[in-house]
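Notes to accompany the following structure.
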Amino acid sequence: MDLDERQLRAFLAVAETGSLGRAAMLVHLTQPSLSRVIQRMEQGLGHPLFERQSKGMTLTAAGEALLPHARLLQSEMLAARAELDALRGLRRGTVRIGAVAAVMRTLVAQSLGRLLQDFPQLTAEAIEAVDGELGDALSGRRIDLAVTASELDPASAELMGTCDYTDDFAVFCAMANPIPSNPTMNQLGSQGWVMPGKAMTPRIQFEAICAGLGLAPPVIAVETGSVEMMIAVSANSNLLCWLPQPLLAGHLANGLMRKLDVPAMERTRRFLLYRRRSGLLTRAARQFLDYFPLQTAN
């Protein structure tokens with residue numbers, strides 16, 4: 001059976017709301033009309049897609065099997081229409097990209113700037129997040145490209161290559177902090193720190209480094225998911241932070257903060273570019289790749 005866009009929208013609306021009434025409002029149909037659309041789908045496919053219950057509609061095994069394919073088909077239809085509209089001048093193409101903070105504010109921003117200067121009709125949607133959230137955004141079709149500091153699930157994300165860019169994590173403090181510029185491990189162990197949450201990749205890596213150096217678990221005085229907050233707190237206190245150097249470039253240049261000489265705690269980080277494994281890249285995303293410095297994947 002051929003599925004048209006109207007049927008896909010109807011099926012997805014019922015699957016996501018679990019209710020004919022709420023789904024009917026989403027797709028602008030009456031409940032009887034929506035019910036007939038679903039029934040015709042079921043007849044054409046030869047399987048019941050929903051179990052009708054007094055409390056709503058739940059997917060059958062066949063409905064569960066169809067759901068991811070229906071989402072993919074609808075997404076590709078929308079992407080195709082957007083590209084055709086862009087070619088006709090009815091709509092501008094949009095680059096949808098997500099990246100971790102350090103590379104979003106440097107490599108991605110620079111690449112987007114050059115692209116938009118050459119193609120001012122394009123627009124961009126950028127999401128700054130940690131690796132796990134970027135993986136979810138990619139598989140959830142909220143972005144088309146993701147730049148991460150760790151590997152994503154190959155079942156849903158396809159590696160396009162390694163970015164021609166690295167940054168370095170190091171220890172930083174306020175300029176007025178009395179700690180020596182080349183502190184001993186004992187001096188570091190007695191300090192308080194500003195850190196991201198326990199589940200964040202930089203926090204996990206930092207604690208692994210401390211353990212490898214034989215240091216006691218660090219004293220986390222402030223925990224926040226905001227990079228700006230980490231920098232601001234460290235710059236206005238005696239707390240230390242462990243961050244990529246590009247994020248502190250301004251504070252280092254204006255003398256508000258300084259880098260401590262702790263080679264054992266310095267780490268170079270590489271970045272990976274991913275696309276969604278299913279579906280096609282939009283024309284705008286393909287144009288962005290022409291401006292993004294990338295080594296090809298092995």
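Naming scheme: A, B, ... for chains in displayed order of the structure tokens; residues 1 onward per chain; ligands 1 onward as shown.
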
Residues of segment 10-124 of chain A at most 9 Å from segment 142-163 of chain A: nearest atom pair and distance in Å, only C-alpha atoms, as a tab-separated table:
```
residue	atom	partner	partner_atom	distance
A:Val95	CA	A:Asp144	CA	7.6
A:Arg96	CA	A:Ile143	CA	4.8
A:Ile97	CA	A:Leu145	CA	4.8
A:Gly98	CA	A:Ala146	CA	4.8
A:Ala99	CA	A:Val147	CA	4.5
A:Val100	CA	A:Thr148	CA	6.0
A:Val103	CA	A:Val147	CA	7.7
A:Met104	CA	A:Val147	CA	8.1
A:Leu107	CA	A:Cys163	CA	8.9
A:Val108	CA	A:Val147	CA	8.6
```

Strand (DSSP E) call set, DSSP backbone run, segment 113-236 of chain A, as a PyMOL selection string:
chain A and resi 123-128+145-148+157-174+192-195+219-223

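The neighbours of Leu115 of chain A here are the residues that come within 12 Å of it, using only C-alpha atoms and leaving out any residue fewer than 2 positions away in the same chain; they are Thr94, Val95, Val108, Ala109, Gln110, Ser111, Leu112, Gly113, Gln117, Asp118, Phe119, Pro120, Gln121, Leu122, Thr123, Ala124, Ala284, Ala285, Arg286, Gln287, Phe288, Leu289, Asp290, Tyr291 and Phe292 of chain A.
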
So that I have them on file, write out the residues from the current selection with C-alpha atoms, as an mmCIF file, in the first residue's frame.
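Generated file (part.cif):
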```
data_model
loop_
_atom_site.group_PDB
_atom_site.id
_atom_site.type_symbol
_atom_site.label_atom_id
_atom_site.label_comp_id
_atom_site.auth_asym_id
_atom_site.auth_seq_id
_atom_site.Cartn_x
_atom_site.Cartn_y
_atom_site.Cartn_z
ATOM 1 C CA THR A 94 18.398 26.447 6.964
ATOM 2 C CA VAL A 95 21.565 24.908 8.394
ATOM 3 C CA VAL A 108 31.364 26.322 13.918
ATOM 4 C CA ALA A 109 30.842 30.071 14.372
ATOM 5 C CA GLN A 110 33.679 30.854 11.960
ATOM 6 C CA SER A 111 32.390 28.397 9.354
ATOM 7 C CA LEU A 112 28.813 29.659 9.634
ATOM 8 C CA GLY A 113 30.017 33.243 9.332
ATOM 9 C CA GLN A 117 28.475 35.927 4.068
ATOM 10 C CA ASP A 118 28.609 34.101 0.725
ATOM 11 C CA PHE A 119 24.981 32.900 0.848
ATOM 12 C CA PRO A 120 22.969 35.567 2.712
ATOM 13 C CA GLN A 121 19.690 33.879 1.762
ATOM 14 C CA LEU A 122 20.521 30.965 4.089
ATOM 15 C CA THR A 123 19.671 30.903 7.784
ATOM 16 C CA ALA A 124 21.105 28.850 10.638
ATOM 17 C CA ALA A 284 21.927 23.895 3.184
ATOM 18 C CA ALA A 285 23.768 21.318 5.312
ATOM 19 C CA ARG A 286 25.771 20.190 2.291
ATOM 20 C CA GLN A 287 26.713 23.807 1.603
ATOM 21 C CA PHE A 288 27.893 24.209 5.200
ATOM 22 C CA LEU A 289 30.243 21.242 4.786
ATOM 23 C CA ASP A 290 32.077 23.117 2.028
ATOM 24 C CA TYR A 291 33.102 25.698 4.648
ATOM 25 C CA PHE A 292 33.840 23.334 7.524
#
```

Between atom CA of Leu188 of chain A and atom CA of Ala249 of chain A, what distance in Å does the model show, to one decimal?
22.6 Å

Of the candidates A:Met265, A:Ile220, A:Ala232, A:Leu213, which one gets nearest to Gly250 of chain A if we count only C-alpha atoms?
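Of A:Met265, A:Ile220, A:Ala232, A:Leu213, the one nearest Gly250 of chain A, counting only C-alpha atoms, is A:Ala232.
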
Considering only C-alpha atoms, return as a PyMOL selection string whatever protein or nucleic-acid residues lie within 12 Å of Gly46 of chain A, sequence-local ones (same chain, fewer than 5 positions apart) excluded.
chain A and resi 1+38-41+62-63

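Distances from A:Leu67, A:Ala61, A:Val227, A:Leu281 to Ala10 of chain A were compared using only C-alpha atoms, and the smallest one belongs to A:Leu67.
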
Backbone-only DSSP, alpha helix (DSSP H) members of segment 104-151 of chain A, as an NGL selection string:
:A and (109-118 or 131-139)
